[in-house]
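Here's model_15.tsv, which has TSV, C-alpha atoms:
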```tsv
chain	number	residue	atom	x	y	z
A	20	MET	CA	122.93	140.51	13.08
A	21	LEU	CA	121.40	137.74	15.15
A	22	THR	CA	118.42	137.40	12.85
A	23	THR	CA	120.56	136.98	9.76
A	24	VAL	CA	122.52	134.25	11.47
A	25	ALA	CA	119.31	132.50	12.43
A	26	LEU	CA	118.03	132.86	8.86
A	27	ASP	CA	121.24	131.36	7.49
A	28	ILE	CA	120.87	128.34	9.67
A	29	ASN	CA	117.27	127.94	8.65
A	30	ARG	CA	118.26	128.19	5.03
A	31	ILE	CA	120.88	125.45	5.29
A	32	GLN	CA	118.39	123.29	7.16
A	33	TYR	CA	115.90	123.87	4.41
A	34	ILE	CA	118.44	122.96	1.73
A	35	ALA	CA	119.48	119.87	3.66
A	36	ILE	CA	115.91	118.68	4.04
A	37	VAL	CA	115.07	119.23	0.38
A	38	GLY	CA	118.35	117.64	-0.73
A	39	ASP	CA	117.77	114.67	1.51
A	40	ILE	CA	114.24	114.15	0.24
A	41	ILE	CA	115.49	114.29	-3.35
A	42	PHE	CA	118.10	111.69	-2.42
A	43	LEU	CA	115.52	109.40	-0.82
A	44	VAL	CA	113.16	109.75	-3.77
A	45	PHE	CA	116.05	109.01	-6.14
A	46	ILE	CA	116.91	105.81	-4.26
A	47	ALA	CA	113.24	104.82	-4.13
A	48	GLU	CA	112.96	105.35	-7.89
A	49	LEU	CA	116.03	103.18	-8.47
A	50	ILE	CA	114.42	100.43	-6.43
A	51	ARG	CA	111.11	100.88	-8.25
A	52	HIS	CA	112.84	100.51	-11.62
A	53	LYS	CA	114.79	97.51	-10.31
A	54	LYS	CA	118.13	99.26	-10.73
A	55	ILE	CA	119.02	98.45	-7.11
A	56	LYS	CA	118.02	95.38	-5.18
A	57	GLU	CA	116.06	96.21	-2.04
A	58	ALA	CA	118.63	94.44	0.08
A	59	TYR	CA	121.41	96.78	-1.09
A	60	ALA	CA	119.25	99.89	-0.83
A	61	ILE	CA	118.38	99.46	2.83
A	62	LEU	CA	121.60	101.05	4.06
A	63	TRP	CA	121.19	104.02	1.72
A	64	LEU	CA	117.60	104.57	2.84
A	65	PHE	CA	118.53	104.16	6.48
A	66	PHE	CA	121.29	106.76	6.42
A	67	GLY	CA	119.13	109.06	4.29
A	68	ALA	CA	116.49	108.86	7.01
A	69	VAL	CA	119.07	109.54	9.74
A	70	PHE	CA	120.25	112.68	7.95
A	71	LEU	CA	116.69	113.81	7.34
A	72	PHE	CA	116.02	113.52	11.05
A	73	LEU	CA	119.15	115.48	11.96
A	74	ALA	CA	118.33	118.18	9.40
A	75	THR	CA	114.77	118.58	10.62
A	76	PHE	CA	115.52	118.53	14.33
A	77	ARG	CA	118.65	120.57	14.47
A	78	SER	CA	118.78	120.53	18.27
A	79	SER	CA	119.12	116.76	18.18
A	80	LEU	CA	122.35	117.20	16.18
A	81	ASN	CA	123.70	119.57	18.81
A	82	PHE	CA	122.65	117.23	21.57
A	83	LEU	CA	124.24	114.18	19.98
A	84	ALA	CA	127.44	116.07	19.13
A	85	PHE	CA	127.86	117.48	22.62
A	86	SER	CA	127.05	114.20	24.30
A	87	CYS	CA	129.87	112.66	22.24
A	88	GLY	CA	132.15	115.46	23.38
A	89	ILE	CA	132.28	117.07	19.94
A	90	ALA	CA	132.37	120.85	20.34
A	91	TYR	CA	131.47	121.66	16.74
A	92	PRO	CA	128.18	119.93	15.78
A	93	PRO	CA	128.79	119.89	11.98
A	94	ALA	CA	131.88	117.74	12.65
A	95	PHE	CA	129.48	115.15	14.05
A	96	LEU	CA	127.67	115.18	10.71
A	97	PHE	CA	130.93	114.36	8.94
A	98	LEU	CA	131.61	111.59	11.41
A	99	VAL	CA	128.20	110.04	10.76
A	100	SER	CA	128.52	110.36	6.99
A	101	ILE	CA	132.02	108.86	6.90
A	102	CYS	CA	130.89	105.95	9.09
A	103	SER	CA	127.85	105.31	6.94
A	104	LEU	CA	129.91	105.39	3.73
A	105	LEU	CA	132.41	103.00	5.30
A	106	LEU	CA	129.62	100.60	6.20
A	107	ILE	CA	128.20	100.74	2.71
A	108	LEU	CA	131.65	100.17	1.15
A	109	ILE	CA	132.25	97.18	3.39
A	110	GLN	CA	128.91	95.81	2.27
A	111	PHE	CA	130.12	96.26	-1.32
A	112	SER	CA	133.30	94.28	-0.57
A	113	MET	CA	131.17	91.49	0.84
A	114	VAL	CA	128.91	91.43	-2.17
A	115	ILE	CA	131.89	91.47	-4.55
A	116	SER	CA	133.51	88.59	-2.70
A	117	SER	CA	130.38	86.48	-2.78
A	118	GLN	CA	129.88	87.22	-6.48
A	119	ASN	CA	133.52	86.28	-7.03
A	120	ASP	CA	132.75	82.84	-5.59
A	121	LYS	CA	129.63	82.44	-7.66
A	122	ILE	CA	131.34	83.45	-10.91
A	123	LYS	CA	134.13	81.00	-10.14
A	124	GLU	CA	131.63	78.18	-9.62
A	125	LEU	CA	129.90	79.08	-12.87
A	126	CYS	CA	133.17	79.18	-14.81
A	127	GLN	CA	134.15	75.77	-13.51
A	128	GLU	CA	130.75	74.31	-14.24
A	129	VAL	CA	130.66	75.70	-17.78
A	130	ALA	CA	134.16	74.37	-18.45
A	131	LEU	CA	133.33	70.89	-17.15
A	132	LEU	CA	130.04	70.76	-19.06
A	133	LYS	CA	131.67	71.97	-22.27
A	134	MET	CA	134.28	69.30	-21.89
A	135	GLY	CA	131.62	66.65	-21.27
A	136	ALA	CA	130.80	66.38	-24.96
A	137	GLY	CA	134.37	65.57	-25.99
A	138	ARG	CA	134.96	63.34	-22.99
A	139	GLU	CA	133.04	60.32	-24.22
A	140	HIS	CA	135.90	58.84	-26.20
A	141	GLY	CA	139.03	57.92	-24.39
A	142	LYS	CA	138.30	58.18	-20.69
A	143	GLU	CA	137.08	54.80	-19.52
A	144	GLU	CA	139.46	52.65	-21.53
A	145	ASN	CA	142.44	54.80	-20.56
A	146	ALA	CA	141.92	54.65	-16.84
A	147	SER	CA	144.09	52.13	-15.09
A	148	PRO	CA	143.20	50.51	-11.77
A	149	VAL	CA	145.78	52.62	-9.98
A	150	GLU	CA	144.39	55.87	-11.22
A	151	LYS	CA	140.77	54.93	-10.97
B	25	MET	CA	144.78	61.15	-12.45
B	26	ILE	CA	147.24	63.93	-13.06
B	27	ILE	CA	145.87	67.47	-12.80
B	28	VAL	CA	147.95	69.93	-14.79
B	29	PRO	CA	146.92	73.57	-14.34
B	30	ALA	CA	148.21	75.72	-17.18
B	31	PHE	CA	147.94	79.40	-17.98
B	32	ASN	CA	149.69	80.50	-21.17
B	33	GLU	CA	152.08	77.55	-21.18
B	34	ALA	CA	151.97	76.72	-24.89
B	35	GLY	CA	155.78	76.49	-24.87
B	36	ASN	CA	155.91	73.99	-22.02
B	37	ILE	CA	152.68	72.02	-22.01
B	38	GLY	CA	153.58	69.72	-24.89
B	39	ALA	CA	156.76	68.55	-23.21
B	40	VAL	CA	154.97	68.21	-19.88
B	41	ILE	CA	152.31	65.95	-21.37
B	42	ALA	CA	154.93	63.93	-23.24
B	43	SER	CA	156.96	63.40	-20.06
B	44	LEU	CA	153.87	62.27	-18.12
B	45	GLN	CA	152.87	59.97	-20.93
B	46	ALA	CA	156.36	58.52	-21.12
B	47	GLU	CA	156.42	57.91	-17.38
B	48	ASN	CA	153.15	55.98	-17.31
B	49	PRO	CA	150.90	55.75	-20.37
B	50	LEU	CA	147.98	54.65	-18.18
B	51	TRP	CA	147.78	57.88	-16.21
B	52	GLN	CA	144.82	60.02	-17.05
B	53	ILE	CA	146.19	63.49	-17.72
B	54	LEU	CA	143.80	66.39	-17.20
B	55	VAL	CA	145.04	69.77	-18.40
B	56	VAL	CA	143.08	72.65	-16.87
B	57	ASN	CA	143.57	75.53	-19.24
B	58	ASP	CA	142.96	78.61	-17.11
B	59	GLY	CA	141.68	80.93	-19.84
B	60	SER	CA	145.01	81.08	-21.66
B	61	THR	CA	145.33	83.57	-24.49
B	62	ASP	CA	147.92	81.51	-26.32
B	63	MET	CA	147.84	78.06	-27.91
B	64	THR	CA	148.00	76.12	-24.61
B	65	SER	CA	144.67	74.39	-25.17
B	66	ALA	CA	145.35	73.52	-28.82
B	67	VAL	CA	148.83	72.17	-28.04
B	68	ALA	CA	147.45	70.04	-25.21
B	69	LYS	CA	144.61	68.69	-27.34
B	70	ASP	CA	146.92	68.00	-30.29
B	71	SER	CA	149.03	65.76	-28.07
B	72	GLY	CA	146.07	63.38	-28.09
B	73	LYS	CA	147.16	62.15	-24.67
B	74	ALA	CA	145.42	64.59	-22.38
B	75	LEU	CA	141.89	65.64	-21.52
B	76	VAL	CA	141.59	69.40	-21.64
B	77	VAL	CA	139.18	71.54	-19.62
B	78	ASP	CA	139.01	75.07	-20.98
B	79	LEU	CA	137.96	77.58	-18.34
B	80	PRO	CA	136.06	80.40	-20.07
B	81	CYS	CA	137.90	83.02	-18.03
B	82	ASN	CA	141.08	83.21	-15.99
B	83	LEU	CA	140.29	82.06	-12.44
B	84	GLY	CA	143.81	81.91	-11.10
B	85	ILE	CA	145.64	78.76	-10.08
B	86	GLY	CA	143.28	77.99	-7.19
B	87	GLY	CA	140.14	77.97	-9.31
B	88	ALA	CA	141.89	75.96	-12.01
B	89	VAL	CA	143.14	73.29	-9.63
B	90	GLN	CA	139.73	73.06	-7.99
B	91	THR	CA	138.20	72.38	-11.40
B	92	GLY	CA	140.53	69.39	-11.64
B	93	PHE	CA	139.39	68.13	-8.23
B	94	LYS	CA	135.76	68.51	-9.23
B	95	TYR	CA	136.41	66.47	-12.33
B	96	ALA	CA	138.16	63.83	-10.24
B	97	VAL	CA	135.21	63.61	-7.83
B	98	ARG	CA	132.63	63.34	-10.59
B	99	ASN	CA	134.56	60.62	-12.32
B	100	ASP	CA	135.39	58.86	-9.09
B	101	TYR	CA	139.17	58.89	-9.18
B	102	ALA	CA	140.85	57.46	-6.11
B	103	TYR	CA	144.09	59.42	-6.42
B	104	ALA	CA	145.11	62.71	-7.94
B	105	VAL	CA	148.46	64.34	-8.47
B	106	LYS	CA	148.85	68.04	-9.03
B	107	PHE	CA	151.60	68.70	-11.53
B	108	ASP	CA	152.50	72.19	-12.76
B	109	GLY	CA	152.12	72.95	-16.45
B	110	ASP	CA	155.33	74.97	-16.64
B	111	GLY	CA	157.62	71.95	-16.69
B	112	GLN	CA	159.34	72.51	-13.34
B	113	HIS	CA	158.19	69.21	-11.85
B	114	LYS	CA	159.64	65.86	-12.88
B	115	ALA	CA	157.28	63.15	-14.04
B	116	GLU	CA	159.60	60.42	-12.78
B	117	GLU	CA	159.10	61.65	-9.22
B	118	ILE	CA	155.33	61.33	-9.27
B	119	SER	CA	155.55	57.72	-8.18
B	120	HIS	CA	157.38	58.74	-4.96
B	121	LEU	CA	154.44	60.90	-3.98
B	122	LEU	CA	151.77	58.54	-5.24
B	123	GLN	CA	153.23	55.47	-3.53
B	124	MET	CA	153.01	57.12	-0.14
B	125	VAL	CA	149.35	58.03	-0.67
B	126	ILE	CA	148.49	54.59	-2.01
B	127	ALA	CA	150.25	52.96	0.95
B	128	GLN	CA	147.97	55.10	3.15
B	129	GLN	CA	150.91	56.74	4.88
B	130	ALA	CA	149.30	60.12	4.28
B	131	ASP	CA	146.22	61.75	2.80
B	132	VAL	CA	148.31	64.36	1.06
B	133	VAL	CA	151.95	64.20	0.04
B	134	ILE	CA	153.92	67.30	-0.87
B	135	GLY	CA	157.00	67.19	-3.07
B	136	SER	CA	159.52	69.34	-1.22
B	137	ARG	CA	162.64	71.04	-2.54
B	138	PHE	CA	163.95	71.70	0.93
B	139	LEU	CA	164.16	68.41	2.76
B	140	GLU	CA	167.66	67.27	3.70
B	141	ASP	CA	168.01	64.99	0.71
B	142	SER	CA	166.31	67.24	-1.85
B	143	LYS	CA	168.39	68.31	-4.80
B	144	GLY	CA	167.98	70.52	-7.82
B	145	TYR	CA	166.56	73.99	-8.40
B	146	ARG	CA	165.51	75.76	-5.24
B	147	SER	CA	164.17	79.03	-6.55
B	148	THR	CA	165.90	82.40	-6.24
B	149	ARG	CA	167.45	83.55	-2.99
B	150	PHE	CA	164.78	86.20	-2.49
B	151	ARG	CA	161.99	83.70	-2.94
B	152	ARG	CA	163.64	81.23	-0.63
B	153	LEU	CA	163.36	83.86	2.07
B	154	GLY	CA	159.58	84.00	1.56
B	155	ILE	CA	159.34	80.23	1.48
B	156	ARG	CA	161.30	80.13	4.72
B	157	LEU	CA	158.81	82.54	6.29
B	158	PHE	CA	155.91	80.30	5.30
B	159	GLU	CA	157.77	77.32	6.70
B	160	VAL	CA	158.05	78.98	10.10
B	161	ILE	CA	154.45	80.24	10.16
B	162	ASN	CA	152.85	77.11	8.84
B	163	SER	CA	154.93	74.74	10.92
B	164	LEU	CA	153.90	76.64	14.04
B	165	LEU	CA	150.23	76.64	13.06
B	166	VAL	CA	150.16	73.04	11.99
B	167	GLY	CA	152.45	71.69	14.69
B	168	GLN	CA	154.40	69.74	12.11
B	169	ARG	CA	157.37	70.82	10.03
B	170	ILE	CA	156.33	71.55	6.45
B	171	THR	CA	159.38	72.69	4.53
B	172	ASP	CA	157.94	73.54	1.12
B	173	ASN	CA	154.56	75.21	1.50
B	174	THR	CA	154.66	76.82	-1.93
B	175	SER	CA	155.30	73.61	-3.80
B	176	GLY	CA	152.53	72.83	-6.25
B	177	PHE	CA	153.69	69.23	-6.64
B	178	ARG	CA	151.28	67.22	-4.50
B	179	ALA	CA	149.44	63.91	-4.40
B	180	TYR	CA	146.01	63.38	-2.86
B	181	ASN	CA	143.81	60.47	-1.87
B	182	ARG	CA	140.05	60.26	-2.37
B	183	ASN	CA	139.12	61.95	0.90
B	184	ALA	CA	141.41	64.87	0.21
B	185	ILE	CA	140.11	65.16	-3.36
B	186	LYS	CA	136.50	65.27	-2.15
B	187	PHE	CA	137.30	67.83	0.49
B	188	LEU	CA	139.28	70.11	-1.81
B	189	ALA	CA	136.74	69.90	-4.64
B	190	GLN	CA	134.45	71.72	-2.25
B	191	HIS	CA	136.73	73.86	-0.13
B	192	TYR	CA	139.83	74.59	-2.18
B	193	PRO	CA	141.20	78.04	-1.32
B	194	SER	CA	140.35	79.23	-4.75
B	195	PHE	CA	142.05	82.50	-5.29
B	196	ASP	CA	145.61	83.53	-6.07
B	197	TYR	CA	148.50	81.63	-4.51
B	198	PRO	CA	146.56	78.95	-2.63
B	199	GLU	CA	149.37	76.51	-1.78
B	200	PRO	CA	150.38	77.59	1.75
B	201	GLU	CA	146.71	78.11	2.64
B	202	GLU	CA	145.89	74.65	1.38
B	203	VAL	CA	148.40	73.14	3.82
B	204	ILE	CA	146.75	74.82	6.80
B	205	LEU	CA	143.26	74.02	5.60
B	206	LEU	CA	144.10	70.34	5.20
B	207	ALA	CA	145.93	70.10	8.50
B	208	ARG	CA	143.15	71.93	10.36
B	209	ASN	CA	140.67	69.44	9.01
B	210	GLY	CA	142.56	66.43	10.14
B	211	PHE	CA	144.27	65.30	6.94
B	212	ALA	CA	147.65	63.66	7.37
B	213	ILE	CA	150.32	65.49	5.39
B	214	ARG	CA	153.77	64.16	4.54
B	215	GLU	CA	156.60	65.51	2.46
B	216	VAL	CA	158.97	63.69	0.17
B	217	PRO	CA	162.13	65.17	-1.30
B	218	VAL	CA	161.93	66.14	-4.95
B	219	ALA	CA	164.12	68.05	-7.36
B	220	MET	CA	162.65	70.77	-9.51
B	221	LYS	CA	163.79	72.32	-12.74
B	222	GLU	CA	163.89	75.94	-13.71
B	223	ARG	CA	161.08	76.75	-16.11
B	224	LEU	CA	162.01	76.47	-19.78
B	225	HIS	CA	159.69	78.97	-21.44
B	226	GLY	CA	157.73	81.99	-20.32
B	227	LYS	CA	157.60	83.82	-17.04
B	228	SER	CA	156.50	82.83	-13.56
B	229	SER	CA	153.12	84.12	-12.46
B	230	ILE	CA	154.75	85.87	-9.51
B	231	SER	CA	156.96	88.79	-10.50
B	232	THR	CA	159.31	90.39	-7.97
B	233	SER	CA	157.10	93.45	-7.68
B	234	LEU	CA	154.15	91.23	-6.82
B	235	SER	CA	155.98	89.16	-4.25
B	236	PHE	CA	155.35	91.64	-1.44
B	237	TYR	CA	151.63	91.47	-2.14
B	238	TYR	CA	151.99	87.70	-2.38
B	239	ILE	CA	153.56	87.40	1.05
B	240	VAL	CA	151.08	89.72	2.75
B	241	LYS	CA	148.10	88.04	1.09
B	242	VAL	CA	149.29	84.56	1.91
B	243	VAL	CA	150.14	85.35	5.54
B	244	LEU	CA	146.70	86.90	6.01
B	245	ALA	CA	144.96	83.98	4.33
B	246	VAL	CA	146.96	81.43	6.30
B	247	LEU	CA	146.20	83.11	9.63
B	248	MET	CA	142.51	83.39	8.77
B	249	THR	CA	142.35	79.76	7.72
B	250	ALA	CA	143.94	78.81	11.02
B	251	VAL	CA	141.32	80.62	13.10
B	252	ARG	CA	138.31	79.43	11.13
B	253	PRO	CA	136.32	76.57	12.56
B	254	ARG	CA	136.96	73.09	11.23
B	255	ILE	CA	134.84	72.17	8.26
B	256	ARG	CA	135.25	68.43	8.30
B	257	GLU	CA	133.92	66.30	11.11
B	258	GLU	CA	136.06	63.36	11.99
```

Could the structure of this file be written out as structure tokens, please?
Amino acid sequence: MLTTVALDINRIQYIAIVGDIIFLVFIAELIRHKKIKEAYAILWLFFGAVFLFLATFRSSLNFLAFSCGIAYPPAFLFLVSICSLLLILIQFSMVISSQNDKIKELCQEVALLKMGAGREHGKEENASPVEK
Amino acid sequence: MIIVPAFNEAGNIGAVIASLQAENPLWQILVVNDGSTDMTSAVAKDSGKALVVDLPCNLGIGGAVQTGFKYAVRNDYAYAVKFDGDGQHKAEEISHLLQMVIAQQADVVIGSRFLEDSKGYRSTRFRRLGIRLFEVINSLLVGQRITDNTSGFRAYNRNAIKFLAQHYPSFDYPEPEEVILLARNGFAIREVPVAMKERLHGKSSISTSLSFYYIVKVVLAVLMTAVRPRIREE
């Protein structure tokens, strides 16, 4: 009975390690093919590494969980994954916001440049001292 | 110059330009067409009285107005008036705002529907409640009573134009945020009473279902603007 339990745990550890390595290789390949910028991949790689560590050294998971007062170690895994996903999503919001600003600037610039051609006639002679 | 932001205002923009032109033919009118899908741009150009900037995509009122400020900076205008493209502002009242800026009584003058001697259309009862809320919040934050924070009818001097060309709160519903931003950065703001008209054609950009989002977004933006450090050194 005890041995089968131990085997089960080993098996899930094995699956976790293999899965994690596949994940890390996948991310690395995306970076290599320039599908992700390095800057945005760092968080993925970091949390992949954290999970690889926890999967390999199972006792560290137990230790961390218990030292946080979590009685059921796998719950600690969920906590870590939810926190890491949250962080990554917040990073996305930041990137979206900054791109929003850049797109806005571009739109305005394009519009003003496009207008430039038609602007020649009419502007200078129309402007009164009050408006100028 | 007169900055007229317009999004799908083909039904109103012609009359707006005509009224501005009739009021003072020397004013430079700049229509900022915010990616309209109707004939707004064509109608404005056909008037022959207005310059038209066509934004390639819809940026929202903030981005459109900022485009106007950028144009004003690049062409070195000393004064700018923001005048809505939906026809609710009155061209004959521009001079009240402009005079105060020219006389250097303020950097920015807001046309208010809610001062003691204001008359005319004052929005729906429900909206007035929201406007009231902004009045309380903004007046507290600014330390000066601003009665009509959502009014888009405003006049600016050169300093304000330069500042806003760079820092305009360029997203949806920027007006209350703009008040805080300007006040925080040491611009003198005054209000003058104006009357407004109900729009003639089309719908307002803020539907009733969106007004809850509007209020939450604006309150958040206003509070954040108030706690940000000053941008402008005096």

Under the rule of at most 10 Å, produce a per-residue listing of chain B near chain A: chain, number, name, the closest pair of atoms, and the distance in Å, as CSV, using only C-alpha atoms.
```
residue,atom,partner,partner_atom,distance
B:Met25,CA,A:Glu150,CA,5.4
B:Ile26,CA,A:Glu150,CA,8.7
B:Pro49,CA,A:Asn145,CA,8.5
B:Leu50,CA,A:Ser147,CA,5.6
B:Trp51,CA,A:Glu150,CA,6.4
B:Gln52,CA,A:Ala146,CA,6.1
B:Ile53,CA,A:Ala146,CA,9.9
B:Val56,CA,A:Ala130,CA,9.2
B:Asn57,CA,A:Ala130,CA,9.5
B:Asp58,CA,A:Ala130,CA,9.9
B:Gly72,CA,A:Gly141,CA,9.6
B:Lys73,CA,A:Gly141,CA,9.2
B:Ala74,CA,A:Gly141,CA,9.5
B:Leu75,CA,A:Arg138,CA,7.4
B:Val76,CA,A:Met134,CA,7.3
B:Val77,CA,A:Met134,CA,5.8
B:Asp78,CA,A:Ala130,CA,5.5
B:Leu79,CA,A:Ala130,CA,5.0
B:Pro80,CA,A:Cys126,CA,6.1
B:Cys81,CA,A:Cys126,CA,6.9
B:Asn82,CA,A:Cys126,CA,9.0
B:Leu83,CA,A:Lys123,CA,6.7
B:Gly84,CA,A:Lys123,CA,9.8
B:Gly87,CA,A:Lys123,CA,6.8
B:Ala88,CA,A:Gln127,CA,7.9
B:Gln90,CA,A:Gln127,CA,8.3
B:Thr91,CA,A:Gln127,CA,5.7
B:Gly92,CA,A:Leu131,CA,9.2
B:Lys94,CA,A:Gln127,CA,8.6
B:Tyr95,CA,A:Leu131,CA,7.2
B:Ala96,CA,A:Lys151,CA,9.3
B:Asn99,CA,A:Lys151,CA,8.5
B:Asp100,CA,A:Lys151,CA,6.9
B:Tyr101,CA,A:Lys151,CA,4.6
B:Ala102,CA,A:Lys151,CA,5.5
B:Tyr103,CA,A:Glu150,CA,6.0
B:Ala104,CA,A:Glu150,CA,7.6
B:Val105,CA,A:Glu150,CA,9.8
B:Leu122,CA,A:Val149,CA,9.7
B:Ile126,CA,A:Val149,CA,8.6
B:Ser194,CA,A:Lys123,CA,8.4
B:Phe195,CA,A:Asp120,CA,9.3
```

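Between atom CA of Val242 of chain B and atom CA of Gln118 of chain A the separation is 21.3 Å.
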
*Compile the contact shell of Pro92 of chain A as a ChimeraX atom specification: residues with an atom at most 12 Å away, counting only C-alpha atoms, same-chain residues fewer than 5 positions apart removed.*
/A:73-74,77-87,97-99

*Counting only C-alpha atoms, the option among B:Val203, B:Leu188, B:Ala250, B:Ile213 closest to Glu159 of chain B*: B:Val203

*Separation of atom CA of Gly86 of chain B and atom CA of Phe150 of chain B, in Å?*
23.5 Å

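Atom pair atom CA of Ala34 of chain B / atom CA of Asp62 of chain B has a distance of 6.4 Å (rounded to one decimal).
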
*For Gly135 of chain B, work out the shell of residues within 12 Å, counting all atoms listed in the file and skipping chain neighbours fewer than 5 positions away, then give it as a ChimeraX atom specification.*
/B:105-108,112-115,117-122,124,141-143,170-180,213-220

Once you count only C-alpha atoms, which residues end up no further than 12 Å from (159.2, 83.4, 3.7) in the file's frame, shown as a PDB file with C-alpha atoms, in the coordinates of the input?
```pdb
ATOM      1  CA  ARG B 149     167.450  83.550  -2.990  1.00  0.00           C
ATOM      2  CA  PHE B 150     164.780  86.200  -2.490  1.00  0.00           C
ATOM      3  CA  ARG B 151     161.990  83.700  -2.940  1.00  0.00           C
ATOM      4  CA  ARG B 152     163.640  81.230  -0.630  1.00  0.00           C
ATOM      5  CA  LEU B 153     163.360  83.860   2.070  1.00  0.00           C
ATOM      6  CA  GLY B 154     159.580  84.000   1.560  1.00  0.00           C
ATOM      7  CA  ILE B 155     159.340  80.230   1.480  1.00  0.00           C
ATOM      8  CA  ARG B 156     161.300  80.130   4.720  1.00  0.00           C
ATOM      9  CA  LEU B 157     158.810  82.540   6.290  1.00  0.00           C
ATOM     10  CA  PHE B 158     155.910  80.300   5.300  1.00  0.00           C
ATOM     11  CA  GLU B 159     157.770  77.320   6.700  1.00  0.00           C
ATOM     12  CA  VAL B 160     158.050  78.980  10.100  1.00  0.00           C
ATOM     13  CA  ILE B 161     154.450  80.240  10.160  1.00  0.00           C
ATOM     14  CA  ASN B 162     152.850  77.110   8.840  1.00  0.00           C
ATOM     15  CA  THR B 171     159.380  72.690   4.530  1.00  0.00           C
ATOM     16  CA  ASP B 172     157.940  73.540   1.120  1.00  0.00           C
ATOM     17  CA  ASN B 173     154.560  75.210   1.500  1.00  0.00           C
ATOM     18  CA  THR B 174     154.660  76.820  -1.930  1.00  0.00           C
ATOM     19  CA  PRO B 200     150.380  77.590   1.750  1.00  0.00           C
ATOM     20  CA  SER B 235     155.980  89.160  -4.250  1.00  0.00           C
ATOM     21  CA  PHE B 236     155.350  91.640  -1.440  1.00  0.00           C
ATOM     22  CA  TYR B 238     151.990  87.700  -2.380  1.00  0.00           C
ATOM     23  CA  ILE B 239     153.560  87.400   1.050  1.00  0.00           C
ATOM     24  CA  VAL B 240     151.080  89.720   2.750  1.00  0.00           C
ATOM     25  CA  VAL B 242     149.290  84.560   1.910  1.00  0.00           C
ATOM     26  CA  VAL B 243     150.140  85.350   5.540  1.00  0.00           C
TER      27      VAL B 243
END
```

*Around (122.8, 98.7, 1.0) in the file's own coordinates, what residues are found within 12 Å if you use all atoms listed in the file, given back as a PyMOL selection string?*
chain A and resi 46+50+55-67+103-114

_Of the listed residues A:Ile101, A:Ile89, A:Leu71, A:Ile115, that which approaches Ile34 of chain A most closely, counting all atoms listed in the file_ =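 Nearest candidate to Ile34 of chain A out of A:Ile101, A:Ile89, A:Leu71, A:Ile115: A:Leu71.
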
_Among listed residues B:Ala212, B:Ala46, B:Ala127, B:Ile27, nearest Val89 of chain B (using all atoms listed in the file)_ = B:Ile27

*Give me the residues within 9 Å of Ser71 of chain B as a ChimeraX atom specification, counting all atoms listed in the file and dropping any in the same chain fewer than 6 places off.*
/B:38,41-42
